[in-house]
Every structure is written in structure tokens, then in C-alpha cells.
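Text of the file run.tsv, holding TSV, C-alpha atoms and all ligand atoms:
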chain	number	residue	atom	x	y	z
A	772	MET	CA	0.00	0.00	0.00
A	773	PRO	CA	1.48	3.36	-0.96
A	774	HIS	CA	1.71	5.73	2.00
A	775	LEU	CA	3.48	8.93	2.94
A	776	THR	CA	6.96	8.21	4.28
A	777	THR	CA	7.31	8.82	8.01
A	778	LEU	CA	10.31	10.28	9.82
A	779	ASP	CA	11.29	6.89	11.26
A	780	GLU	CA	11.17	5.34	7.79
A	781	LEU	CA	13.14	8.24	6.34
A	782	LYS	CA	15.89	7.77	8.96
A	783	GLN	CA	16.17	4.08	8.03
A	784	HIS	CA	16.14	4.89	4.31
A	785	VAL	CA	18.92	7.49	4.67
A	786	THR	CA	21.10	4.94	6.49
A	787	LEU	CA	20.34	2.34	3.82
A	788	LEU	CA	21.03	4.71	0.91
A	789	ALA	CA	24.25	5.97	2.52
A	790	SER	CA	25.46	2.37	2.65
A	791	VAL	CA	24.74	1.42	-0.99
A	792	GLU	CA	28.05	0.29	-2.49
A	793	GLU	CA	28.85	1.76	-5.87
A	794	SER	CA	28.94	-0.52	-8.89
A	795	ASP	CA	29.97	0.10	-12.49
A	796	ALA	CA	26.39	1.09	-13.30
A	797	PRO	CA	24.72	4.49	-12.88
A	798	PHE	CA	22.57	5.03	-9.82
A	799	ILE	CA	19.59	7.34	-10.33
A	800	SER	CA	18.37	9.75	-7.65
A	801	CYS	CA	15.16	11.42	-8.79
A	802	TYR	CA	13.49	14.16	-6.73
A	803	LEU	CA	10.21	15.65	-7.92
A	804	ASN	CA	8.26	18.68	-6.78
A	805	LEU	CA	4.54	17.92	-6.90
A	806	GLU	CA	3.25	21.13	-5.31
A	807	ASP	CA	1.24	22.94	-7.98
A	808	GLU	CA	2.42	22.47	-11.50
A	809	PRO	CA	2.54	18.89	-12.73
A	810	ASP	CA	4.28	20.16	-15.86
A	811	SER	CA	7.40	21.30	-14.00
A	812	TRP	CA	8.39	17.84	-12.77
A	813	ARG	CA	7.39	16.22	-16.03
A	814	LYS	CA	9.72	18.63	-17.86
A	815	THR	CA	12.60	17.83	-15.45
A	816	LEU	CA	12.14	14.11	-16.04
A	817	ASP	CA	11.83	14.37	-19.84
A	818	ASP	CA	14.71	16.85	-20.26
A	819	ARG	CA	17.10	14.76	-18.19
A	820	ALA	CA	16.07	11.55	-19.95
A	821	ARG	CA	16.71	13.14	-23.36
A	822	ILE	CA	20.22	14.29	-22.38
A	823	LEU	CA	21.20	11.05	-20.64
A	824	ARG	CA	20.07	8.88	-23.55
A	825	ARG	CA	22.69	10.69	-25.63
A	826	LEU	CA	25.44	10.31	-23.02
A	827	LEU	CA	24.96	6.71	-21.92
A	828	ASN	CA	25.50	3.55	-23.93
A	829	GLY	CA	25.64	-0.24	-23.66
A	830	ASN	CA	24.66	-1.71	-20.30
A	831	ASP	CA	24.54	1.75	-18.73
A	832	LEU	CA	21.87	2.83	-21.21
A	833	ALA	CA	19.92	-0.41	-20.69
A	834	ASP	CA	20.10	0.08	-16.93
A	835	PHE	CA	19.00	3.70	-17.31
A	836	GLU	CA	15.98	2.78	-19.45
A	837	GLU	CA	15.01	0.07	-16.98
A	838	ALA	CA	15.28	2.50	-14.07
A	839	LEU	CA	13.31	5.19	-15.89
A	840	GLY	CA	10.60	2.63	-16.67
A	841	LYS	CA	10.33	1.78	-12.97
A	842	ILE	CA	10.05	5.47	-12.09
A	843	GLU	CA	7.28	6.06	-14.66
A	844	THR	CA	5.34	2.99	-13.49
A	845	TRP	CA	5.56	4.07	-9.87
A	846	LEU	CA	4.44	7.62	-10.70
A	847	ALA	CA	1.46	6.28	-12.65
A	848	THR	CA	0.27	3.78	-10.05
A	849	ASP	CA	1.51	4.62	-6.54
A	850	LEU	CA	1.63	8.40	-6.27
A	851	LEU	CA	-0.83	9.79	-3.70
A	852	SER	CA	-2.82	12.95	-4.43
A	853	GLU	CA	-1.69	14.54	-1.13
A	854	ALA	CA	2.04	14.09	-1.93
A	855	LYS	CA	3.94	17.34	-2.50
A	856	GLY	CA	7.33	15.76	-3.02
A	857	ALA	CA	8.62	12.39	-4.26
A	858	ALA	CA	12.07	10.84	-4.16
A	859	LEU	CA	13.01	7.70	-6.07
A	860	PHE	CA	16.31	5.84	-5.87
A	861	VAL	CA	16.77	3.34	-8.65
A	862	ARG	CA	19.44	1.18	-10.27
A	863	GLY	CA	18.98	-1.32	-13.08
A	864	THR	CA	19.73	-5.03	-13.16
A	865	PHE	CA	23.28	-4.85	-14.59
A	866	GLY	CA	24.49	-2.69	-11.72
A	867	GLY	CA	22.59	-4.57	-8.99
A	868	ALA	CA	18.85	-3.88	-9.05
A	869	PHE	CA	17.64	-1.32	-6.54
A	870	MET	CA	14.35	0.55	-6.16
A	871	LEU	CA	13.35	2.70	-3.20
A	872	PRO	CA	10.48	5.17	-3.74
A	873	MET	CA	9.24	7.67	-1.15
A	874	GLN	CA	6.57	10.36	-1.10
A	875	PHE	CA	6.01	13.19	1.31
A	876	ALA	CA	3.45	15.82	2.28
A	877	ALA	CA	6.45	18.19	2.24
A	878	PRO	CA	7.82	19.60	-1.03
A	879	LEU	CA	11.14	18.63	-2.63
A	880	PRO	CA	12.97	20.33	-5.51
A	881	ASN	CA	12.93	18.96	-9.05
A	882	TRP	CA	16.34	17.35	-9.25
A	883	PHE	CA	17.68	14.34	-11.14
A	884	ALA	CA	21.15	12.89	-10.62
A	885	VAL	CA	23.06	10.04	-12.21
A	886	TYR	CA	26.03	9.17	-10.03
A	887	PRO	CA	27.72	5.96	-8.77
A	888	THR	CA	25.88	6.17	-5.41
A	889	PRO	CA	22.55	7.62	-4.19
A	890	ASN	CA	22.45	11.42	-3.74
A	891	ILE	CA	20.84	11.98	-0.35
A	892	TYR	CA	21.29	15.72	0.34
A	893	HIS	CA	17.65	16.68	-0.32
A	894	LEU	CA	16.42	13.86	1.94
A	895	VAL	CA	18.72	15.05	4.73
A	896	GLU	CA	17.52	18.64	4.29
A	897	LEU	CA	13.86	17.56	4.32
A	898	LYS	CA	14.42	15.49	7.46
A	899	ASP	CA	16.08	18.40	9.22
A	900	ASN	CA	13.56	21.09	8.17
A	901	TYR	CA	10.29	19.22	8.62
A	902	HIS	CA	11.11	16.58	11.22
A	903	ARG	CA	8.00	16.08	13.36
A	904	TYR	CA	6.11	17.69	16.22
A	905	VAL	CA	2.89	17.54	18.20
A	906	VAL	CA	0.04	20.05	18.05
A	907	LEU	CA	-2.60	20.43	20.72
A	908	LEU	CA	-5.48	22.04	18.83
A	909	ALA	CA	-7.90	23.43	21.41
A	910	MET	CA	-11.22	25.02	20.47
A	911	PRO	CA	-14.18	25.75	22.74
A	912	GLU	CA	-16.16	22.88	21.20
A	913	ARG	CA	-13.43	20.38	20.45
A	914	ALA	CA	-9.83	19.59	21.12
A	915	CYS	CA	-7.46	17.09	19.57
A	916	ILE	CA	-3.82	16.11	19.59
A	917	LEU	CA	-2.18	15.97	16.16
A	918	GLU	CA	1.18	14.60	15.15
A	919	VAL	CA	2.75	16.40	12.19
A	920	ASN	CA	5.30	14.03	10.68
A	921	LEU	CA	7.38	15.34	7.73
A	922	GLY	CA	4.55	17.80	7.05
A	923	ALA	CA	1.73	15.23	7.22
A	924	ALA	CA	-0.81	15.65	10.03
A	925	THR	CA	-2.50	12.72	11.75
A	926	ILE	CA	-4.96	12.95	14.65
A	927	ARG	CA	-3.55	10.96	17.55
A	928	ALA	CA	-6.29	11.59	20.13
A	929	TRP	CA	-9.53	13.43	20.63
A	930	VAL	CA	-9.42	14.87	24.09
A	931	ASN	CA	-13.12	15.68	24.48
A	932	GLU	CA	-15.19	12.68	25.45
A	933	PRO	CA	-18.68	13.26	24.02
A	934	ASP	CA	-20.36	13.42	27.43
A	935	LEU	CA	-17.89	16.03	28.61
A	936	ARG	CA	-18.08	18.19	25.54
A	937	ALA	CA	-20.93	20.42	26.58
A	938	ARG	CA	-19.56	21.05	30.05
A	939	VAL	CA	-16.04	21.54	28.83
A	940	GLY	CA	-17.11	23.83	26.05
A	941	GLN	CA	-18.90	25.94	28.60
A	942	GLU	CA	-15.94	26.11	30.93
A	943	TRP	CA	-13.31	26.62	28.30
A	944	SER	CA	-15.18	29.28	26.39
A	945	ARG	CA	-16.22	31.35	29.40
A	946	PRO	CA	-13.64	34.14	29.64
A	947	HIS	CA	-14.00	34.73	33.37
A	948	TYR	CA	-15.23	31.43	34.70
A	949	GLN	CA	-16.29	31.47	38.28
A	950	VAL	CA	-14.02	30.46	41.10
A	951	ASN	CA	-16.13	27.48	42.15
A	952	GLN	CA	-15.82	26.06	38.61
A	953	ALA	CA	-12.14	26.76	38.29
A	954	HIS	CA	-11.14	23.67	40.24
A	955	ARG	CA	-13.15	21.31	38.07
A	956	GLY	CA	-11.91	23.06	34.92
A	957	ASP	CA	-8.27	22.76	35.92
A	958	ARG	CA	-8.70	19.12	36.84
A	959	PHE	CA	-10.14	18.54	33.39
A	960	MET	CA	-7.31	20.49	31.83
A	961	GLN	CA	-4.72	18.48	33.76
A	962	GLY	CA	-6.28	15.23	32.60
A	963	LYS	CA	-5.92	16.32	28.98
A	964	ILE	CA	-2.39	17.52	29.52
A	965	ALA	CA	-1.55	14.12	31.01
A	966	VAL	CA	-2.73	12.51	27.74
A	967	LEU	CA	-0.55	14.95	25.82
A	968	GLU	CA	2.49	14.24	27.98
A	969	GLN	CA	2.01	10.49	27.67
A	970	LEU	CA	1.80	10.75	23.87
A	971	MET	CA	4.89	12.93	23.67
A	972	ARG	CA	6.93	10.76	26.00
A	973	SER	CA	5.99	7.47	24.34
A	974	GLY	CA	6.66	8.93	20.87
A	975	GLY	CA	9.95	10.54	21.86
A	976	HIS	CA	8.66	13.93	20.71
A	977	THR	CA	10.78	16.99	21.28
A	978	HIS	CA	8.58	19.83	19.95
A	979	LEU	CA	5.07	20.98	20.90
A	980	ILE	CA	2.88	23.69	19.37
A	981	LEU	CA	-0.37	24.89	20.94
A	982	ALA	CA	-3.02	26.13	18.53
A	983	GLY	CA	-6.58	27.36	18.85
A	984	ASP	CA	-8.65	29.63	21.04
A	985	ALA	CA	-6.40	32.24	22.66
A	986	GLY	CA	-8.03	31.92	26.09
A	987	ILE	CA	-7.78	28.13	26.19
A	988	THR	CA	-4.24	27.88	24.81
A	989	GLY	CA	-3.18	30.52	27.33
A	990	ARG	CA	-4.60	28.43	30.17
A	991	VAL	CA	-3.00	25.26	28.78
A	992	ARG	CA	0.30	27.14	28.58
A	993	ASN	CA	0.07	28.09	32.26
A	994	THR	CA	-0.77	24.52	33.29
A	995	LEU	CA	1.99	22.76	31.32
A	996	PRO	CA	4.40	20.75	33.45
A	997	LYS	CA	8.09	21.58	32.94
A	998	TYR	CA	8.62	18.52	30.71
A	999	LEU	CA	6.15	19.93	28.17
A	1000	ALA	CA	6.86	23.64	28.75
A	1001	ASP	CA	10.51	23.01	27.74
A	1002	LYS	CA	9.30	21.60	24.42
A	1003	LEU	CA	6.83	24.38	23.59
A	1004	VAL	CA	7.76	26.06	20.32
A	1005	GLU	CA	4.93	28.54	19.88
A	1006	ILE	CA	1.25	29.31	20.43
A	1007	ILE	CA	-0.73	29.82	17.20
A	1008	PRO	CA	-4.12	31.53	17.43
A	1009	ALA	CA	-6.95	29.92	15.46
A	1010	VAL	CA	-10.74	30.19	15.48
A	1011	GLU	CA	-13.48	27.58	15.19
A	1012	THR	CA	-14.14	28.35	11.52
A	1013	ASP	CA	-10.50	27.86	10.46
A	1014	GLN	CA	-9.90	24.71	8.44
A	1015	GLN	CA	-7.71	22.18	10.23
A	1016	ALA	CA	-5.42	22.03	7.17
A	1017	ASP	CA	-4.87	25.81	7.38
A	1018	VAL	CA	-4.06	25.60	11.09
A	1019	VAL	CA	-1.56	22.79	10.36
A	1020	MET	CA	0.06	24.95	7.64
A	1021	ALA	CA	0.40	27.80	10.15
A	1022	THR	CA	2.06	25.48	12.68
A	1023	LEU	CA	4.37	24.16	9.95
A	1024	ALA	CA	5.55	27.67	9.03
A	1025	SER	CA	6.18	28.35	12.70
A	1026	PHE	CA	8.03	25.06	13.17
A	1027	ILE	CA	10.28	25.64	10.14
A	1028	ALA	CA	11.19	29.10	11.45
A	1029	HIS	CA	11.95	27.56	14.85
A	1030	GLU	CA	14.06	24.84	13.23
A	1031	GLU	CA	16.06	27.49	11.34
A	1032	GLN	CA	16.73	29.24	14.63
A	1033	GLU	CA	17.85	25.94	16.19
A	1034	SER	CA	20.17	25.38	13.23
A	1035	ARG	CA	21.74	28.80	13.75
A	1036	THR	CA	22.26	27.95	17.42
A	1037	VAL	CA	24.10	24.78	16.38
A	1038	ALA	CA	26.23	26.85	13.96
A	1039	GLU	CA	27.08	29.19	16.84
A	1040	ARG	CA	28.05	26.19	19.00
A	1041	LEU	CA	30.32	25.06	16.17
A	1042	ILE	CA	32.03	28.44	16.03
A	1043	GLU	CA	32.37	28.49	19.82
A	1044	GLY	CA	33.80	24.95	19.75
A	1045	LEU	CA	36.38	26.00	17.18
A	1046	ARG	CA	37.38	29.10	19.09
A	1047	SER	CA	37.90	27.80	22.55
A	1048	GLN	CA	37.78	24.11	23.19
A	1049	ASN	CA	39.01	22.14	20.22
A	1050	LEU	CA	35.60	20.47	20.18
A	1051	ALA	CA	34.79	21.26	16.59
A	1052	VAL	CA	36.36	21.31	13.15
A	1053	ALA	CA	35.43	23.23	10.01
A	1054	GLY	CA	36.14	22.99	6.31
A	1055	SER	CA	35.73	20.07	3.91
A	1056	ALA	CA	39.07	18.32	4.59
A	1057	ALA	CA	38.92	18.51	8.40
A	1058	THR	CA	35.26	17.45	8.41
A	1059	LEU	CA	36.04	14.46	6.20
A	1060	ASP	CA	38.89	13.44	8.54
A	1061	ALA	CA	36.70	13.86	11.62
A	1062	LEU	CA	33.86	11.76	10.14
A	1063	ARG	CA	36.33	8.97	9.31
A	1064	TRP	CA	37.85	9.29	12.77
A	1065	GLY	CA	34.35	8.65	14.12
A	1066	GLU	CA	33.89	10.93	17.12
A	1067	VAL	CA	31.40	13.29	15.46
A	1068	ASP	CA	28.41	14.51	17.47
A	1069	THR	CA	26.69	16.52	14.71
A	1070	LEU	CA	27.59	17.32	11.10
A	1071	VAL	CA	26.76	20.98	10.43
A	1072	MET	CA	26.28	22.02	6.81
A	1073	ALA	CA	25.23	25.32	5.21
A	1074	ASN	CA	22.39	24.89	2.73
A	1075	ASP	CA	24.50	26.69	0.10
A	1076	TYR	CA	27.63	24.60	0.73
A	1077	GLN	CA	28.83	23.76	-2.81
A	1078	PRO	CA	32.38	22.39	-2.58
A	1079	ASP	CA	34.57	21.71	-5.61
A	1080	PRO	CA	34.77	18.02	-6.53
A	1081	GLY	CA	37.29	15.89	-4.68
A	1082	TRP	CA	38.47	12.44	-5.69
A	1083	THR	CA	38.07	8.80	-4.78
A	1084	CYS	CA	40.01	5.72	-5.85
A	1085	THR	CA	37.80	2.86	-7.01
A	1086	VAL	CA	40.55	0.32	-6.20
A	1087	CYS	CA	41.74	1.25	-2.70
A	1088	GLN	CA	38.77	3.49	-1.71
A	1089	SER	CA	41.00	6.39	-0.67
A	1090	ILE	CA	39.27	9.74	-0.79
A	1091	GLY	CA	40.48	13.32	-0.80
A	1092	THR	CA	38.94	16.78	-0.92
A	1093	GLU	CA	41.39	18.35	-3.38
A	1094	THR	CA	40.32	18.41	-7.04
A	1095	PRO	CA	42.12	15.56	-8.87
A	1096	GLU	CA	44.69	16.49	-11.52
A	1097	THR	CA	45.39	12.98	-12.79
A	1098	SER	CA	43.57	9.66	-12.68
A	1099	VAL	CA	46.51	8.00	-10.85
A	1100	CYS	CA	45.76	7.27	-7.18
A	1101	PRO	CA	48.42	8.81	-4.90
A	1102	HIS	CA	47.98	5.91	-2.44
A	1103	CYS	CA	47.89	2.72	-4.51
A	1104	GLY	CA	49.20	3.98	-7.86
A	1105	HIS	CA	46.34	2.51	-9.92
A	1106	GLU	CA	44.78	4.59	-12.65
A	1107	SER	CA	41.46	4.47	-10.87
A	1108	VAL	CA	40.69	7.93	-9.53
A	1109	ARG	CA	37.29	9.45	-10.28
A	1110	PRO	CA	35.80	12.79	-9.20
A	1111	LEU	CA	33.93	12.72	-5.89
A	1112	ASP	CA	30.95	14.85	-4.83
A	1113	ILE	CA	32.32	15.99	-1.47
A	1114	ARG	CA	28.96	17.07	-0.06
A	1115	GLU	CA	27.52	13.63	-0.77
A	1116	ALA	CA	30.67	11.90	0.52
A	1117	LEU	CA	30.31	13.70	3.88
A	1118	LEU	CA	26.58	12.88	4.05
A	1119	ARG	CA	27.31	9.23	3.25
A	1120	LEU	CA	29.81	8.95	6.09
A	1121	ALA	CA	27.36	10.68	8.46
A	1122	GLY	CA	24.47	8.48	7.24
A	1123	GLN	CA	26.42	5.24	7.66
A	1124	SER	CA	27.08	6.03	11.32
A	1125	GLU	CA	23.60	7.58	11.89
A	1126	CYS	CA	25.29	10.83	12.85
A	1127	PRO	CA	22.79	13.76	13.07
A	1128	VAL	CA	23.07	16.40	10.35
A	1129	GLU	CA	22.06	20.03	10.88
A	1130	VAL	CA	21.41	22.01	7.69
A	1131	VAL	CA	21.84	25.74	8.33
A	1132	GLU	CA	20.14	28.40	6.21
A	1133	LYS	CA	21.79	31.71	5.44
A	1134	SER	CA	24.80	31.55	7.76
A	1135	ASP	CA	27.59	33.87	6.62
A	1136	ALA	CA	29.69	32.81	9.60
A	1137	LEU	CA	29.49	29.14	8.61
A	1138	MET	CA	30.12	29.93	4.94
A	1139	SER	CA	33.25	31.88	5.86
A	1140	LEU	CA	34.52	28.71	7.60
A	1141	GLY	CA	34.08	26.68	4.43
A	1142	GLY	CA	30.35	25.96	4.69
A	1143	VAL	CA	30.71	22.74	6.67
A	1144	GLY	CA	32.02	21.49	9.98
A	1145	CYS	CA	31.23	19.19	12.85
A	1146	LEU	CA	30.78	19.21	16.56
A	1147	LEU	CA	32.89	16.50	18.17
A	1148	ARG	CA	32.03	14.16	21.02
A	1149	THR	CA	35.55	14.19	22.38
A	1150	ARG	CA	38.38	16.65	22.14
A	1151	LEU	CA	40.28	16.45	18.91
A	1152	PRO	CA	43.79	14.95	19.20
A	1153	ALA	CA	46.47	17.56	18.46
A	1154	GLN	CA	46.59	16.36	14.89
A	1155	ILE	CA	44.45	13.68	13.32
A	1156	ASP	CA	46.56	11.09	11.56
A	1157	THR	CA	44.31	10.11	8.66
A	1158	GLN	CA	46.02	6.72	8.29
A	1159	THR	CA	45.43	5.84	11.93
A	1160	ALA	CA	41.90	7.15	11.78
A	1161	THR	CA	41.16	5.00	8.73
A	1162	ALA	CA	42.71	1.92	10.32
A	1163	SER	CA	40.80	2.25	13.58
A	1164	GLY	CA	37.55	3.39	11.96
A	1201	ZN	ZN	43.96	3.86	-4.79
Could you render the structure as C-alpha cells?
Ligand SMILES: [Zn+2]
Amino acid sequence: MPHLTTLDELKQHVTLLASVEESDAPFISCYLNLEDEPDSWRKTLDDRARILRRLLNGNDLADFEEALGKIETWLATDLLSEAKGAALFVRGTFGGAFMLPMQFAAPLPNWFAVYPTPNIYHLVELKDNYHRYVVLLAMPERACILEVNLGAATIRAWVNEPDLRARVGQEWSRPHYQVNQAHRGDRFMQGKIAVLEQLMRSGGHTHLILAGDAGITGRVRNTLPKYLADKLVEIIPAVETDQQADVVMATLASFIAHEEQESRTVAERLIEGLRSQNLAVAGSAATLDALRWGEVDTLVMANDYQPDPGWTCTVCQSIGTETPETSVCPHCGHESVRPLDIREALLRLAGQSECPVEVVEKSDALMSLGGVGCLLRTRLPAQIDTQTATASG
């Protein structure tokens, strides 16, 4: 059954894709934006197919046609109307058959890559920006707890039992409820907050948004235990006549802004770690070494990080961040060096070890440090010996 990909599934898929070994055959990463104009993604697909049919030949071309056929079949049969973004990772039979489709309520760019391994940047960015959170939507006549997972909202609990609705509506909607009713109202409120806390704890949720009637959300805010108050992102006003989808969109905009702020905080921690404690590194080469060394807490990457290609040796698997001048490997001497997408190489290493990645928007400070870096779990040795790091990692 086709369904929207959840955050937990996306995490597993990123780890899986980061671990796909390259073969001689092309691997296709196809991202499609399904927001408004169906023609825009169709054009991306057709344009890329036309160009690649001219560039590829033999088994590569056969593999490409097979992969493209799988993509077209999936788009025709499995795509859900509510999907705003799709990502398909495909390789044909000659290179080792692979097919992993995903669809999301969140948008993705139109982007089509043919490369030896899956290109996962846009998945990592989506995961970081949209993530998931809980919304308590509280109106005078109804209240529910929603989970918004990669942009898709699902109702997890209705918190008004039918027999309580009338009484609760009365209490919640009365602006200055009387003192003798306050106790009962608060007890009711606490019961609902207990449901919320249980849902958030059991689901491992880290972000909460309150939405709805200003009076009620204000009272909920004042009653939140510390565990939930620490996770509160924002309070969004909404009225009874607002469509639930519109309220969810408003919470999403608020969450994305909050996530950007969190990203900037991580970038500041990186800069602080560089300055004082040797607990961070920055720049492509140092980040690559640190990821291979293995003591990385978080990989921090600017969204406009666009490094020059590096190199990798297909015989001994050495990699380097400097742009290759010859095809001869400096380590093993074979003529087996090919260009390497450094951004993808870093994301692969992070993905293989399930290391968190923070994508930072518009950070001049991070860009001036090379656009990428990482926070370390332990203090960096005076100088990383890449050979030792490779051997022990
Ligand atoms: Zn080599």
C-alpha cells in the first residue's frame, strides 16, 4: 500500500542509501516537486532523460531505461494525491537492481542525478527542516492532539469525550469562569495535559505547538508541566471556523522558522567549539577526517555549501577533498581515480554512522569557515593522523 513516508522510515532509508556500495552502473536519484504544477516535474524528467540517452551507452543505457521505466510505473500507479514531493532511488539489473520510492506531504525540488551512489542531500535537508512535532489544537467545542510528521498531520487523540463536551465547552469558552468552577476546569485540563504528555513521551517527541482559542491555549500554557513547557515552540491563534489544514500549515511555518533558529544555534556552538575548546572542526578536509575518525556529534552544513569536486580511488577506496589532476591514485598507484561529490561523501559517512546532520540556512559565519564542519564528542587529538583514523575506523 502506498503511503506517505514517516520520519522513522526516512531515517532508516537514509542509512540504507548511505550504505549502498557503488557498482559500475549508474545510480539514479530522482526528486520531484509535486506542489502545484505537474508540468514542471514532467519537464525535469523528460529533459534529463533526453540528455542522458545521448550520453549513456551499452549496459549503462539499458540500466537507465530500466530504471526510468520503474520510475514512470511508480508515478502512474503509486503516487498519492496529497504528496507534494517524491524521491526515487533506482538502479537497473546490470548494476545490482535497486528501487526505493518515497513520497512526502512536504515539497522537494525537481532534481535528477546520475552518479555511482545515491544522492541523499535533499532527503537530509527535508528530514532536518520538517522533522516532526505535536500540536494540541484546542477550540471551545473540540480539542485534539495531532502529530505532524514530515509535514503530514495525523490525529492521535480526541481529548473531548462526548459526554464532557458540553460542560467543557462551557468552561473553556467562558472568559471569566467562576471560582467554584475553576477547580473542576483545571482538573479537566490536567487530565488532557496528562494525555498529551504520555503521547509525547511514548513517541519521543521533542517539539510541541499549541493552537486554537487564545483563552484556552493561554490556560493550557500556564498549566503545562516543565517537561512539556521546555518543548513548547509557539502558540498559534486559530478560530473555530479555520480549516484544520490551514491551522496545520500555520504550525508548519512556525516550526520551520523555529528549526532554522535551532540550526543557527548549532552553527554558533560550532564556532564556539572552534574558538575555545578544540571540540569542533570546520572545512571540507577537516570534516572528512573527523567523520572517518568517528567521534562526530553533529555534522553541520550550510544549505549553500557547494564544494569543488574531490576524488576517490575505485581500487583502494581512498578519498580526498582536493580536485584531482590525474587519474593516478596517490595511495595505490592505480589509474582508478574518479571525481567525488564531497557534499555527498560527507553525508554518506554521516548516514552510515547515523550521525545527526544540521542544515543551516543563510549563515555567513558558517560559509566563511568553508560551509561545513562538525561538533565532536571528544576533544580532537592535536593532529588527526588520517592513516590511523582510517585503520581504527
Ligand atoms: Zn587507490
**Study point:** All residues 7 Å or closer to Phe835 in chain A, only C-alpha atoms, same chain fewer than 4 positions away omitted, as a VMD selection string
**Key:** chain A and resid 831 839 863
Check your understanding: Of the candidates A:Leu851, A:Val1099, A:Val1004, A:Leu1140, which shows the shortest atom-to-atom distance to ligand ZN 1201 (chain A), using only C-alpha atoms and all ligand atoms?
Key ->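 Of the candidates, the smallest distance to ligand ZN 1201 (chain A) is held by A:Val1099.
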Check your understanding: What do you get as a PyMOL selection string if you pick all residues at most 12 Å from ligand ZN 1201 (chain A), counting only C-alpha atoms and all ligand atoms?
Key -> chain A and resi 1082-1091+1098-1109
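Picture a line from CA of Arg1114 in chain A to CA of Lys1133 in chain A; it runs 17.2 Å.
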Practice item. Report the distance between CA of Val1131 in chain A and CA of Thr925 in chain A in Å, rounded to one decimal place. Key: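 Pair CA of Val1131 in chain A / CA of Thr925 in chain A returns 27.8 Å.
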Point to revise | Residue nearest Leu1120 in chain A - candidates A:Glu1066, A:Glu853, A:Glu1096, A:Asp818, atoms counted: all atoms listed in the file | key: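 Under the stated criterion, the closest residue is A:Glu1066.
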Review point. Using all atoms listed in the file, which residues sit within 8 Å of range 777-787 of chain A once same-chain residues fewer than 4 positions away are excluded, as a list in words?
Key: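 Within the cut-off, the hits are Val791, Ile891, Leu894, Val895, Lys898, His902, Arg903, Asn920, Leu921, Gly1122, Gln1123, Ser1124 and Glu1125 of chain A.
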Point to revise | One-decimal distance in Å that lies between CA of His976 in chain A and CA of Asp1017 in chain A | key: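 We find that CA of Asp1017 in chain A and CA of His976 in chain A lie 22.4 Å from each other.
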Would you mind completing range 993-1007 of chain A so that it carries N, CA, C and O atoms, and writing it out as a CSV table (one decimal), in the frame of the given file?
chain,number,residue,atom,x,y,z
A,993,ASN,N,-0.2,27.9,30.8
A,993,ASN,CA,0.1,28.1,32.3
A,993,ASN,C,0.0,26.8,33.1
A,993,ASN,O,0.5,26.8,34.2
A,994,THR,N,-0.6,25.8,32.5
A,994,THR,CA,-0.8,24.5,33.3
A,994,THR,C,0.3,23.5,32.9
A,994,THR,O,0.4,22.4,33.5
A,995,LEU,N,1.0,23.8,31.8
A,995,LEU,CA,2.0,22.8,31.3
A,995,LEU,C,3.0,22.4,32.4
A,995,LEU,O,3.7,23.3,32.9
A,996,PRO,N,3.3,21.1,32.6
A,996,PRO,CA,4.4,20.8,33.4
A,996,PRO,C,5.7,21.1,32.7
A,996,PRO,O,5.7,21.3,31.5
A,997,LYS,N,6.8,21.1,33.5
A,997,LYS,CA,8.1,21.6,32.9
A,997,LYS,C,8.5,20.7,31.7
A,997,LYS,O,9.0,21.3,30.7
A,998,TYR,N,8.2,19.4,31.8
A,998,TYR,CA,8.6,18.5,30.7
A,998,TYR,C,8.1,19.0,29.4
A,998,TYR,O,8.7,19.0,28.4
A,999,LEU,N,6.8,19.5,29.4
A,999,LEU,CA,6.2,19.9,28.2
A,999,LEU,C,6.5,21.4,27.9
A,999,LEU,O,6.7,21.8,26.7
A,1000,ALA,N,6.6,22.2,28.9
A,1000,ALA,CA,6.9,23.6,28.8
A,1000,ALA,C,8.2,23.8,28.0
A,1000,ALA,O,8.4,24.7,27.2
A,1001,ASP,N,9.2,23.0,28.4
A,1001,ASP,CA,10.5,23.0,27.7
A,1001,ASP,C,10.4,22.7,26.2
A,1001,ASP,O,11.3,23.1,25.5
A,1002,LYS,N,9.4,22.0,25.8
A,1002,LYS,CA,9.3,21.6,24.4
A,1002,LYS,C,8.4,22.5,23.6
A,1002,LYS,O,8.2,22.3,22.4
A,1003,LEU,N,7.8,23.5,24.3
A,1003,LEU,CA,6.8,24.4,23.6
A,1003,LEU,C,7.6,25.3,22.6
A,1003,LEU,O,8.5,26.0,23.0
A,1004,VAL,N,7.1,25.2,21.4
A,1004,VAL,CA,7.8,26.1,20.3
A,1004,VAL,C,7.0,27.4,20.2
A,1004,VAL,O,7.6,28.4,20.2
A,1005,GLU,N,5.7,27.3,20.1
A,1005,GLU,CA,4.9,28.5,19.9
A,1005,GLU,C,3.5,28.3,20.1
A,1005,GLU,O,3.0,27.1,20.2
A,1006,ILE,N,2.7,29.4,20.3
A,1006,ILE,CA,1.2,29.3,20.4
A,1006,ILE,C,0.7,30.0,19.2
A,1006,ILE,O,1.0,31.2,18.9
A,1007,ILE,N,-0.2,29.3,18.4
A,1007,ILE,CA,-0.7,29.8,17.2
A,1007,ILE,C,-2.2,30.1,17.4
A,1007,ILE,O,-3.0,29.1,17.7
